[in-house]
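Below is the file entry.txt, which contains compact mmCIF, C-alpha atoms and all ligand atoms.
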# COMPACT_ATOMS: atom_id res chain seq x y z
CA MET A 1 0.00 0.00 0.00
CA ASN A 2 1.11 3.56 -0.78
CA SER A 3 4.55 2.76 -2.10
CA GLU A 4 4.49 3.93 -5.74
CA ILE A 5 4.98 7.13 -7.69
CA LEU A 6 1.61 7.62 -9.36
CA ILE A 7 1.91 9.80 -12.47
CA ALA A 8 -1.14 11.18 -14.24
CA ILE A 9 -0.86 12.48 -17.79
CA THR A 10 -3.43 14.93 -19.11
CA GLY A 11 -4.14 16.19 -22.61
CA GLY A 12 -1.38 18.57 -23.61
CA ILE A 13 1.48 18.55 -26.10
CA ALA A 14 4.01 18.18 -23.25
CA ALA A 15 2.71 14.63 -22.67
CA TYR A 16 5.57 13.35 -24.82
CA LYS A 17 8.06 14.71 -22.28
CA THR A 18 6.51 12.56 -19.56
CA CYS A 19 7.71 9.46 -21.44
CA ASP A 20 11.27 10.49 -20.56
CA LEU A 21 10.29 11.24 -16.98
CA VAL A 22 8.71 7.81 -16.54
CA ARG A 23 11.59 6.05 -18.31
CA ASN A 24 14.19 7.80 -16.15
CA LEU A 25 12.39 6.99 -12.89
CA VAL A 26 11.93 3.34 -13.87
CA LYS A 27 15.60 3.08 -14.85
CA LEU A 28 16.55 4.49 -11.46
CA GLY A 29 14.54 1.69 -9.86
CA PHE A 30 11.51 3.64 -8.63
CA PRO A 31 8.10 1.94 -8.70
CA VAL A 32 6.04 4.00 -11.16
CA ARG A 33 2.38 3.64 -12.10
CA VAL A 34 0.72 5.74 -14.80
CA ILE A 35 -2.87 6.84 -15.32
CA MET A 36 -4.12 9.03 -18.16
CA THR A 37 -7.11 11.11 -19.14
CA HIS A 38 -8.95 10.17 -22.32
CA ASN A 39 -7.67 13.38 -23.88
CA ALA A 40 -4.07 12.51 -23.02
CA THR A 41 -4.41 9.37 -25.14
CA GLN A 42 -4.89 11.67 -28.16
CA PHE A 43 -1.25 12.66 -27.68
CA ILE A 44 0.47 9.46 -26.49
CA HIS A 45 -0.96 5.97 -26.60
CA LYS A 46 -1.26 4.21 -23.27
CA ASN A 47 0.73 1.30 -24.72
CA THR A 48 3.84 3.48 -24.52
CA PHE A 49 3.47 3.93 -20.78
CA GLU A 50 2.50 0.30 -20.28
CA ALA A 51 5.73 -0.72 -22.01
CA LEU A 52 7.80 1.82 -20.05
CA THR A 53 6.39 0.73 -16.67
CA ASN A 54 5.53 -2.89 -17.45
CA LYS A 55 2.21 -2.24 -15.70
CA PRO A 56 -1.34 -1.62 -16.94
CA VAL A 57 -2.32 2.00 -17.54
CA PHE A 58 -5.87 2.85 -16.51
CA VAL A 59 -7.75 5.55 -18.41
CA ASN A 60 -11.34 4.77 -17.46
CA GLU A 61 -12.75 4.92 -13.96
CA TYR A 62 -14.22 1.52 -14.78
CA ASP A 63 -10.96 -0.15 -15.90
CA SER A 64 -10.92 -1.90 -12.53
CA ILE A 65 -13.57 -2.52 -9.85
CA MET A 66 -12.76 0.82 -8.18
CA ALA A 67 -9.84 2.16 -10.16
CA HIS A 68 -9.58 5.52 -8.34
CA ILE A 69 -9.41 3.78 -4.94
CA GLU A 70 -6.95 1.21 -6.22
CA MET A 71 -4.76 4.04 -7.52
CA LYS A 72 -4.95 6.11 -4.33
CA ASN A 73 -4.03 3.03 -2.30
CA LEU A 74 -0.86 2.42 -4.27
CA ALA A 75 0.31 6.05 -4.43
CA LYS A 76 3.03 7.29 -2.10
CA ILE A 77 3.04 10.53 -4.07
CA PHE A 78 0.74 11.70 -6.86
CA VAL A 79 2.19 13.65 -9.78
CA ILE A 80 0.22 15.30 -12.59
CA ALA A 81 2.50 16.15 -15.52
CA PRO A 82 1.59 17.74 -17.79
CA ALA A 83 -1.40 19.29 -16.03
CA THR A 84 -3.90 20.98 -18.35
CA ALA A 85 -5.92 24.07 -17.51
CA ASN A 86 -8.87 21.68 -17.45
CA ILE A 87 -7.55 19.29 -14.78
CA ILE A 88 -6.30 22.21 -12.68
CA GLY A 89 -9.79 23.72 -12.81
CA LYS A 90 -11.40 20.44 -11.86
CA MET A 91 -8.98 19.82 -9.00
CA ALA A 92 -9.46 23.32 -7.62
CA ASN A 93 -13.23 22.90 -7.64
CA GLY A 94 -13.64 19.35 -6.39
CA ILE A 95 -14.92 17.97 -9.67
CA ALA A 96 -14.50 14.22 -10.09
CA ASP A 97 -15.69 13.26 -13.55
CA ASP A 98 -12.84 11.04 -14.70
CA LEU A 99 -10.18 8.72 -13.27
CA VAL A 100 -7.53 11.42 -12.75
CA SER A 101 -9.81 13.90 -10.98
CA SER A 102 -11.48 11.18 -8.87
CA THR A 103 -8.08 9.82 -7.83
CA TYR A 104 -6.95 13.33 -6.86
CA LEU A 105 -9.95 13.77 -4.57
CA ALA A 106 -9.40 10.36 -3.01
CA CYS A 107 -5.64 10.84 -2.45
CA THR A 108 -4.29 11.92 0.92
CA VAL A 109 -0.63 11.80 -0.14
CA PRO A 110 1.53 14.74 -1.38
CA VAL A 111 0.47 15.99 -4.81
CA LEU A 112 2.82 17.58 -7.33
CA VAL A 113 1.44 19.43 -10.36
CA ALA A 114 3.40 20.59 -13.43
CA PRO A 115 1.11 22.86 -15.48
CA ALA A 116 1.70 23.18 -19.22
CA MET A 117 -0.35 25.29 -21.58
CA ASN A 118 -0.47 28.21 -23.96
CA PRO A 119 0.79 31.39 -22.20
CA GLY A 120 -2.55 33.11 -22.77
CA MET A 121 -4.34 30.23 -21.06
CA TYR A 122 -1.85 30.23 -18.21
CA ALA A 123 -2.24 33.98 -17.64
CA ASN A 124 -6.04 33.73 -17.67
CA LYS A 125 -7.51 34.89 -14.38
CA ALA A 126 -9.56 31.74 -13.95
CA VAL A 127 -6.46 29.54 -14.33
CA GLN A 128 -4.46 31.73 -11.94
CA ARG A 129 -7.32 31.59 -9.44
CA ASN A 130 -7.42 27.80 -9.69
CA ILE A 131 -3.65 27.51 -9.24
CA GLN A 132 -3.82 29.75 -6.18
CA GLN A 133 -6.58 27.53 -4.78
CA LEU A 134 -4.47 24.42 -5.30
CA LYS A 135 -1.55 26.06 -3.50
CA GLU A 136 -3.86 26.87 -0.59
CA ASP A 137 -5.00 23.24 -0.64
CA GLY A 138 -1.38 22.15 -0.14
CA VAL A 139 -0.64 21.04 -3.69
CA ILE A 140 2.96 21.62 -4.82
CA ILE A 141 2.99 23.55 -8.09
CA LEU A 142 6.06 23.35 -10.31
CA GLU A 143 5.57 26.62 -12.14
CA PRO A 144 5.86 26.53 -15.93
CA VAL A 145 8.69 28.44 -17.58
CA GLU A 146 8.88 31.18 -20.21
CA GLY A 147 9.54 30.33 -23.82
CA ILE A 148 8.02 29.83 -27.23
CA VAL A 149 5.30 27.19 -27.11
CA VAL A 150 4.46 24.79 -29.95
CA CYS A 151 1.76 27.06 -31.42
CA GLY A 152 4.34 29.86 -31.74
CA ASP A 153 3.14 32.04 -28.87
CA GLU A 154 5.70 33.27 -26.37
CA GLY A 155 5.40 33.63 -22.61
CA LYS A 156 5.05 31.60 -19.43
CA GLY A 157 3.38 28.24 -20.03
CA LYS A 158 5.96 25.63 -21.03
CA MET A 159 6.16 22.68 -18.67
CA VAL A 160 9.21 22.92 -16.44
CA ASP A 161 12.09 20.66 -17.55
CA VAL A 162 11.69 16.96 -16.89
CA GLU A 163 14.95 17.00 -14.86
CA VAL A 164 13.39 19.50 -12.44
CA ILE A 165 10.23 17.41 -12.05
CA GLN A 166 12.29 14.26 -11.59
CA LYS A 167 14.45 15.87 -8.89
CA LYS A 168 11.38 17.10 -7.00
CA ILE A 169 9.67 13.70 -7.27
CA ILE A 170 12.70 11.87 -5.88
CA GLU A 171 13.14 14.42 -3.09
CA LEU A 172 9.48 14.07 -2.11
CA TYR A 173 9.40 10.29 -2.48
CA GLU A 174 12.37 9.91 -0.18
CA THR A 175 11.05 12.24 2.52
CA VAL A 176 7.41 11.15 2.90
C1 LIG B 201 -3.10 19.99 -30.23
C2 LIG B 201 -3.64 20.36 -28.88
C3 LIG B 201 -2.77 20.72 -27.88
C4 LIG B 201 -3.25 21.08 -26.61
N1 LIG B 201 -2.35 21.42 -25.65
C5 LIG B 201 -2.81 21.79 -24.43
C6 LIG B 201 -1.90 22.14 -23.41
O1 LIG B 201 -0.67 22.11 -23.58
N2 LIG B 201 -2.40 22.52 -22.21
C7 LIG B 201 -3.75 22.57 -21.96
O2 LIG B 201 -4.14 22.95 -20.86
N3 LIG B 201 -4.63 22.21 -22.92
C8 LIG B 201 -4.21 21.83 -24.13
N4 LIG B 201 -5.10 21.47 -25.11
C9 LIG B 201 -6.53 21.44 -24.77
C10 LIG B 201 -6.87 20.20 -23.95
O3 LIG B 201 -6.53 19.03 -24.67
C11 LIG B 201 -8.37 20.22 -23.59
O4 LIG B 201 -8.62 21.32 -22.72
C12 LIG B 201 -8.83 18.93 -22.95
O5 LIG B 201 -10.19 19.07 -22.62
C13 LIG B 201 -8.03 18.58 -21.71
O6 LIG B 201 -8.54 17.37 -21.17
P1 LIG B 201 -7.91 16.64 -19.91
O7 LIG B 201 -7.59 17.69 -18.89
O8 LIG B 201 -9.02 15.75 -19.46
O9 LIG B 201 -6.75 15.85 -20.38
C14 LIG B 201 -4.64 21.09 -26.36
C15 LIG B 201 -5.51 20.71 -27.38
C16 LIG B 201 -5.03 20.35 -28.62
C17 LIG B 201 -6.01 19.92 -29.69
What is this file in structure tokens?
Amino acid sequence: MNSEILIAITGGIAAYKTCDLVRNLVKLGFPVRVIMTHNATQFIHKNTFEALTNKPVFVNEYDSIMAHIEMKNLAKIFVIAPATANIIGKMANGIADDLVSSTYLACTVPVLVAPAMNPGMYANKAVQRNIQQLKEDGVIILEPVEGIVVCGDEGKGKMVDVEVIQKKIIELYETV
């Protein structure tokens, strides 16, 4: 119980970077389990993460008898990377309409969120309000960085480097 690094992937371009994150953690010997939103599977197929972790990847709440409870019971820490504006909004408002959001509500372990989105989306007042709410709820936010995003816009919104997320995950995993 509660011994794994549970990583949720949501539907943003930066999902491809999480392949490296998962691969690195597995290579270092950490127990990693992945869950995904339906929208995340538009970017990366779950087979990739199943191969990287050698474990099943749940996407549906109904992939197991009570998938969200099963996931919260195995998580020592819960990481959401990349985190879309959508999942951040749902987490901040207690909405549980898919496996990732239901697992978040069920989890009592430390939660790490790495937002990634268009700079305009990130600067939006609603998104900023939701991020502030998550901080007040005790969620650790790894702030995105400035740069040119895939669509060509420039500003703060790129997911922080995988190395930074990895370092924070290991630090947290070894202290809780
Ligand atoms: C090509 C493409 C790229 C996208 N990239 C992002 C992104 O980086 N961040 C984000 O918040 N939403 C992004 N979106 C929008 C999300 O996919 C959309 O809000 C979706 O509902 C998120 O669902 P999820 O949070 O359940 O994964 C993108 C959409 C498309 C079509």
Using all atoms listed in the file, what does the table of chain A residues within 7 Å of ligand LIG 201 (chain B) look like, with each row giving the shortest atom pair and its distance in Å to one decimal, sorted by chain and ascending number, as JSON lines?
{"residue": "A:Thr10", "atom": "CA", "partner": "B:LIG201", "partner_atom": "O9", "distance": 3.7}
{"residue": "A:Gly11", "atom": "CA", "partner": "B:LIG201", "partner_atom": "O9", "distance": 3.4}
{"residue": "A:Gly12", "atom": "CA", "partner": "B:LIG201", "partner_atom": "O1", "distance": 3.6}
{"residue": "A:Ile13", "atom": "CA", "partner": "B:LIG201", "partner_atom": "N1", "distance": 4.8}
{"residue": "A:Ala14", "atom": "CA", "partner": "B:LIG201", "partner_atom": "O1", "distance": 6.1}
{"residue": "A:Thr37", "atom": "CA", "partner": "B:LIG201", "partner_atom": "O9", "distance": 4.9}
{"residue": "A:His38", "atom": "CA", "partner": "B:LIG201", "partner_atom": "O8", "distance": 6.3}
{"residue": "A:Asn39", "atom": "CA", "partner": "B:LIG201", "partner_atom": "O9", "distance": 4.4}
{"residue": "A:Ala40", "atom": "CA", "partner": "B:LIG201", "partner_atom": "O9", "distance": 5.0}
{"residue": "A:Ala83", "atom": "CA", "partner": "B:LIG201", "partner_atom": "O2", "distance": 6.7}
{"residue": "A:Thr84", "atom": "CA", "partner": "B:LIG201", "partner_atom": "O2", "distance": 3.2}
{"residue": "A:Ala85", "atom": "CA", "partner": "B:LIG201", "partner_atom": "O2", "distance": 4.0}
{"residue": "A:Asn86", "atom": "CA", "partner": "B:LIG201", "partner_atom": "O7", "distance": 4.4}
{"residue": "A:Ile87", "atom": "CA", "partner": "B:LIG201", "partner_atom": "O7", "distance": 4.4}
{"residue": "A:Ala116", "atom": "CA", "partner": "B:LIG201", "partner_atom": "O1", "distance": 5.1}
{"residue": "A:Met117", "atom": "CA", "partner": "B:LIG201", "partner_atom": "N2", "distance": 3.5}
{"residue": "A:Asn118", "atom": "CA", "partner": "B:LIG201", "partner_atom": "O1", "distance": 6.1}
Excluding same-chain residues fewer than 5 positions from range 151-167 of chain A, what lies within 12 Å of it counting only C-alpha atoms, as an MDAnalysis selection string? chainID A and resid 5 7 12:26 28 30 79:85 112:124 127:128 140:146 172:174
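Closest approach to Leu74 in chain A among A:Leu134, A:Val32, A:Ile9, A:Val139: A:Val32, based on only C-alpha atoms.
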Excluding Glu50 in chain A and any residue of its chain fewer than 6 positions from it, enumerate the residues within 8 Å of it, using all atoms listed in the file, and give them as a list in words. Val34, Pro56 and Val57 of chain A
Between CA of Phe78 in chain A and CA of Pro110 in chain A - distance in Å to one decimal: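 If I compute the distance from CA of Pro110 in chain A to CA of Phe78 in chain A, I get 6.3 Å.
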Which residues, written as a short mmCIF file (atom, residue, chain, number, x, y, z; two decimals) with C-alpha atoms, in the coordinates of the input, have at least one atom at most 9 Å from range 91-105 of chain A, with only C-alpha atoms counted and residues fewer than 5 positions away on the same chain left out?
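As a result, out21.cif now contains:
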data_model
loop_
_atom_site.label_atom_id
_atom_site.label_comp_id
_atom_site.auth_asym_id
_atom_site.auth_seq_id
_atom_site.Cartn_x
_atom_site.Cartn_y
_atom_site.Cartn_z
CA ALA A 8 -1.14 11.18 -14.24
CA ILE A 9 -0.86 12.48 -17.79
CA THR A 10 -3.43 14.93 -19.11
CA ILE A 35 -2.87 6.84 -15.32
CA MET A 36 -4.12 9.03 -18.16
CA THR A 37 -7.11 11.11 -19.14
CA HIS A 38 -8.95 10.17 -22.32
CA PHE A 58 -5.87 2.85 -16.51
CA VAL A 59 -7.75 5.55 -18.41
CA ASN A 60 -11.34 4.77 -17.46
CA GLU A 61 -12.75 4.92 -13.96
CA TYR A 62 -14.22 1.52 -14.78
CA ALA A 67 -9.84 2.16 -10.16
CA HIS A 68 -9.58 5.52 -8.34
CA ILE A 69 -9.41 3.78 -4.94
CA GLU A 70 -6.95 1.21 -6.22
CA MET A 71 -4.76 4.04 -7.52
CA LYS A 72 -4.95 6.11 -4.33
CA PHE A 78 0.74 11.70 -6.86
CA ILE A 80 0.22 15.30 -12.59
CA ASN A 86 -8.87 21.68 -17.45
CA VAL A 111 0.47 15.99 -4.81
CA ARG A 129 -7.32 31.59 -9.44
CA ASN A 130 -7.42 27.80 -9.69
CA ILE A 131 -3.65 27.51 -9.24
CA GLN A 132 -3.82 29.75 -6.18
CA GLN A 133 -6.58 27.53 -4.78
CA LEU A 134 -4.47 24.42 -5.30
CA ASP A 137 -5.00 23.24 -0.64
#
Distance in Å - CA of Ile77 in chain A versus CA of Lys46 in chain A: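 Going from CA of Ile77 in chain A over to CA of Lys46 in chain A covers 20.7 Å.
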Mind pulling up the distance from CA of Gly147 in chain A to CA of Phe43 in chain A?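 So the answer is 21.1 Å.
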Hey, which of A:Ile88, A:Ala126, A:Ile148, A:Met66 ends up closest to Ala106 in chain A? Count all atoms listed in the file.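 Going through A:Ile88, A:Ala126, A:Ile148, A:Met66 one by one, the smallest distance to Ala106 in chain A is for A:Met66.
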Let me know the centre plus edge lengths, in Å and rounded to one decimal, of a box with edges along x, y and z that contains all listed atoms of range 47-50 of chain A and is padded by 6 Å on every side, as lines of an AutoDock Vina configuration file.
center_x = 2.3
center_y = 2.1
center_z = -22.5
size_x = 15.1
size_y = 15.6
size_z = 16.4
